[in-house]
Amino acid sequence: MNALHFFLATARRSNRTGILQLLTVLGITAGLLGCAQKNESQEDDNEEGYPLIGVVQSVDAERLQMTVAHEEIPGFMEPMTMVFRVGAGDIKVVEPEMRIKARLVRDEDGGFRLTKIWPIDDRAAKEMREVNKRLAKQAEALGSGYYLAEGDSLPDFALLDQFGEVVKPEDYEGKAFMINFIFTRCTDAKMCPLSTSKMARLQKMAQEAGLSNLEFISVTLDPKFDTPGVLHSYMEAYGIDGQNFRFVTGEKAAVYQLIRSMGVTNIQDGEENIIHSLATSLVGPDRKIVMRSTKSAWEPEAFLEAAKAL
Ligand SMILES: [Cu+2]
């Protein structure tokens with residue numbers, strides 16, 4: 001953990017305080033943020049393999065492969081139906097007739113593999129865009145450098161979970177939920193891995209306490225890498241029951257607006273790492289933030305008590 005990581009992780013802000021102020025204190029200039037944004041717009045340029053769009057014909061979960069009728073891949077392949085290898089997480093997300101976007105890569109033995117798989121559902125995408133327009137407005141209204149504190153209402157958002165399903169706060173009507181921010185490649189044991197372990201522990205504790213009204217959402221800080229399939233694998237690696245625990249990802253702009261609104265900083269540090277802060281919040285059935293911790297050492301017990309009191 002470098003100094004910045006540590007500072008961001010331990011910084012406590014109970015009221016609406018500027019993240020930008022924090023960054024200025026740390027000597028991080030607007031130039032650095034601008035640089036990160038520039039990379040976002042170049043999304044697919046440096047990616048491995050070829051872009052593929054197609055429709056899943058059949059799925060063989062046991063052999064981790066699926067048959068896809070794909071469109072032309074310019075300069076590489078005519079439209080055709082063929083079998084591709086798929087990762088263990090992705091195989092749980094895909095289903096026959098699903099339209100997908102993916103990267104086609106070659107394995108070392110020459111086999112064809114699909115990675116970075118995203119479901120394409122035009123109707124769902126349109127709905128998500130509408131909801132996320134409201135998120136953009138709400139994020140903008142919050143003002144640059146400000147974020148939501150206890151007592152504030154969670155913004156609207158629509159993201160995709162580890163099953164490829166749309167998740168929106170309005171689906172949680174009448175329920176409370178925990179929301180935090182992680183990324184699957186995080187190697188800092190005290191940050192995301194610890195956060196996820198604690199969320200999992202809280203999920204178990206709530207179940208044991210008979211608290212059926214508490215749900216869980218973990219938003220990725222790394223939407224480019226964390227596809228629904230990658231998040232599915234992550235969930236399984238932690239032995240988490242996905243029934244009331246959604247790991248969500250989506251369009252980068254929307255994910256980033258939600259991250260900023262909730263007072264979390266994520267700065268791309270090279271290809272695979274993200275320097276980030278933490279925020280774990282309990283949101284009540286009225287969608288107001290009841291309790292919020294920016295510490296790595298947040299206590300599941302305290303959140304359980306607060307959830308019970310709702
Ligand atoms: Cu992390």
# chains A, B, ... in the order shown; residues from 1 in each chain; ligands from 1
$ residues_near_ligand --ligand "ligand 1" --cutoff "8 Å" --atoms "only C-alpha atoms and all ligand atoms" --output "JSON, numbers by chain"
{"A": [182, 183, 184, 185, 186, 187, 188, 189, 190, 191, 192, 193, 274, 275, 276, 277]}
$ residues_around --residues "range 264-272 of chain A" --least-positions-apart "5" --cutoff "7 Å" --atoms "only C-alpha atoms" --output "number ranges by chain"
A: 36, 221, 259, 277-279
$ write_last_selection --atoms "C-alpha atoms" --output "short mmCIF file (atom, residue, chain, number, x, y, z; two decimals), in the first residue's frame"
data_model
loop_
_atom_site.label_atom_id
_atom_site.label_comp_id
_atom_site.auth_asym_id
_atom_site.auth_seq_id
_atom_site.Cartn_x
_atom_site.Cartn_y
_atom_site.Cartn_z
CA ALA A 36 -7.19 9.07 -16.64
CA LEU A 221 -14.31 0.21 -9.26
CA ILE A 259 -18.64 5.97 -7.32
CA SER A 277 -10.68 4.85 -1.14
CA LEU A 278 -13.50 2.94 0.55
CA ALA A 279 -17.06 3.72 1.54
#
$ select_by_dssp --residues "range 4-238 of chain A" --states "strand (DSSP E or B)" --output "PyMOL selection string"
chain A and resi 50-60+65-70+73+77+80-86+99-106+112-120+153+159-160+166-167+176-182+214-220
$ residues_around --residues "Lys116 in chain A" --least-positions-apart "3" --cutoff "10 Å" --atoms "only C-alpha atoms" --output "PDB file with C-alpha atoms, in the first residue's frame"
ATOM      1  CA  PRO A  51     -14.240  -7.513 -31.093  1.00  0.00           C
ATOM      2  CA  VAL A  86     -15.646 -19.578 -22.102  1.00  0.00           C
ATOM      3  CA  GLY A  87     -14.541 -18.896 -18.534  1.00  0.00           C
ATOM      4  CA  ASP A  90     -19.044 -16.283 -17.998  1.00  0.00           C
ATOM      5  CA  ILE A 100     -23.403 -10.778 -26.648  1.00  0.00           C
ATOM      6  CA  LYS A 101     -20.454  -8.513 -27.178  1.00  0.00           C
ATOM      7  CA  ALA A 102     -17.039 -10.050 -26.441  1.00  0.00           C
ATOM      8  CA  ARG A 103     -13.354 -10.210 -27.347  1.00  0.00           C
ATOM      9  CA  LEU A 104     -12.196 -13.173 -29.383  1.00  0.00           C
ATOM     10  CA  LYS A 224     -13.678  -2.372 -17.859  1.00  0.00           C
ATOM     11  CA  PHE A 225     -12.256  -5.588 -16.410  1.00  0.00           C
ATOM     12  CA  ASP A 226     -15.070  -6.645 -14.093  1.00  0.00           C
ATOM     13  CA  THR A 227     -17.678  -8.045 -16.470  1.00  0.00           C
ATOM     14  CA  PRO A 228     -20.728  -9.897 -15.088  1.00  0.00           C
ATOM     15  CA  GLY A 229     -18.838 -13.192 -15.590  1.00  0.00           C
ATOM     16  CA  VAL A 230     -15.738 -11.972 -13.765  1.00  0.00           C
TER      17      VAL A 230
END
$ closest_residue --among "A:Leu282, A:Leu52, A:Leu258, A:Ala237" --to "Pro223 in chain A" --atoms "only C-alpha atoms"
A:Leu258
$ residues_around --residues "range 77-83 of chain A" --least-positions-apart "6" --cutoff "8 Å" --atoms "only C-alpha atoms" --output "VMD selection string"
chain A and resid 65 to 71 112
$ write_last_selection --atoms "N, CA, C and O atoms" --output "PDB file, in the first residue's frame"
ATOM      1  N   GLN A  65     -17.819 -24.392 -22.771  1.00  0.00           N
ATOM      2  CA  GLN A  65     -17.828 -23.846 -24.120  1.00  0.00           C
ATOM      3  C   GLN A  65     -19.249 -23.553 -24.590  1.00  0.00           C
ATOM      4  O   GLN A  65     -20.217 -24.053 -24.032  1.00  0.00           O
ATOM      5  N   MET A  66     -19.319 -22.710 -25.603  1.00  0.00           N
ATOM      6  CA  MET A  66     -20.646 -22.391 -26.144  1.00  0.00           C
ATOM      7  C   MET A  66     -20.546 -22.162 -27.640  1.00  0.00           C
ATOM      8  O   MET A  66     -19.482 -21.845 -28.173  1.00  0.00           O
ATOM      9  N   THR A  67     -21.686 -22.349 -28.305  1.00  0.00           N
ATOM     10  CA  THR A  67     -21.752 -22.124 -29.735  1.00  0.00           C
ATOM     11  C   THR A  67     -22.370 -20.754 -29.974  1.00  0.00           C
ATOM     12  O   THR A  67     -23.403 -20.428 -29.385  1.00  0.00           O
ATOM     13  N   VAL A  68     -21.701 -19.960 -30.806  1.00  0.00           N
ATOM     14  CA  VAL A  68     -22.161 -18.599 -31.068  1.00  0.00           C
ATOM     15  C   VAL A  68     -22.231 -18.358 -32.574  1.00  0.00           C
ATOM     16  O   VAL A  68     -21.304 -18.709 -33.303  1.00  0.00           O
ATOM     17  N   ALA A  69     -23.341 -17.799 -33.022  1.00  0.00           N
ATOM     18  CA  ALA A  69     -23.449 -17.334 -34.409  1.00  0.00           C
ATOM     19  C   ALA A  69     -22.992 -15.885 -34.398  1.00  0.00           C
ATOM     20  O   ALA A  69     -23.681 -15.027 -33.857  1.00  0.00           O
ATOM     21  N   HIS A  70     -21.804 -15.647 -34.951  1.00  0.00           N
ATOM     22  CA  HIS A  70     -21.275 -14.282 -34.832  1.00  0.00           C
ATOM     23  C   HIS A  70     -21.313 -13.530 -36.150  1.00  0.00           C
ATOM     24  O   HIS A  70     -21.338 -14.111 -37.234  1.00  0.00           O
ATOM     25  N   GLU A  71     -21.313 -12.232 -36.003  1.00  0.00           N
ATOM     26  CA  GLU A  71     -21.289 -11.352 -37.172  1.00  0.00           C
ATOM     27  C   GLU A  71     -19.880 -11.336 -37.756  1.00  0.00           C
ATOM     28  O   GLU A  71     -18.952 -11.894 -37.168  1.00  0.00           O
ATOM     29  N   PHE A 112     -10.132 -21.146 -29.866  1.00  0.00           N
ATOM     30  CA  PHE A 112     -10.785 -19.832 -29.812  1.00  0.00           C
ATOM     31  C   PHE A 112     -11.501 -19.652 -28.491  1.00  0.00           C
ATOM     32  O   PHE A 112     -12.220 -20.529 -28.031  1.00  0.00           O
TER      33      PHE A 112
END
$ atom_distance --atom1 "CA of Pro74 in chain A" --atom2 "CA of Met98 in chain A"
21.9 Å
$ closest_residue --among "A:Arg85, A:Val59, A:Ser261, A:Arg129" --to "Asp109 in chain A" --atoms "only C-alpha atoms"
A:Arg85
$ closest_residue --among "A:Ala139, A:Val219, A:Glu236, A:Asp122" --to "Ile179 in chain A" --atoms "only C-alpha atoms"
A:Val219
$ atom_distance --atom1 "CA of Glu97 in chain A" --atom2 "CA of Glu130 in chain A"
24.6 Å
$ closest_atom_pairs --of "range 96-136 of chain A" --to "range 248-251 of chain A" --cutoff "10 Å" --atoms "only C-alpha atoms" --output "CSV"
residue,atom,partner,partner_atom,distance
A:Trp118,CA,A:Gly250,CA,9.1
A:Ala125,CA,A:Glu251,CA,9.9
A:Met128,CA,A:Gly250,CA,9.4
A:Arg129,CA,A:Glu251,CA,9.2
A:Asn132,CA,A:Glu251,CA,9.4
$ closest_residue --among "A:Ser195, A:Asn180, A:Gln243, A:Gln203" --to "Ile217 in chain A" --atoms "only C-alpha atoms"
A:Asn180
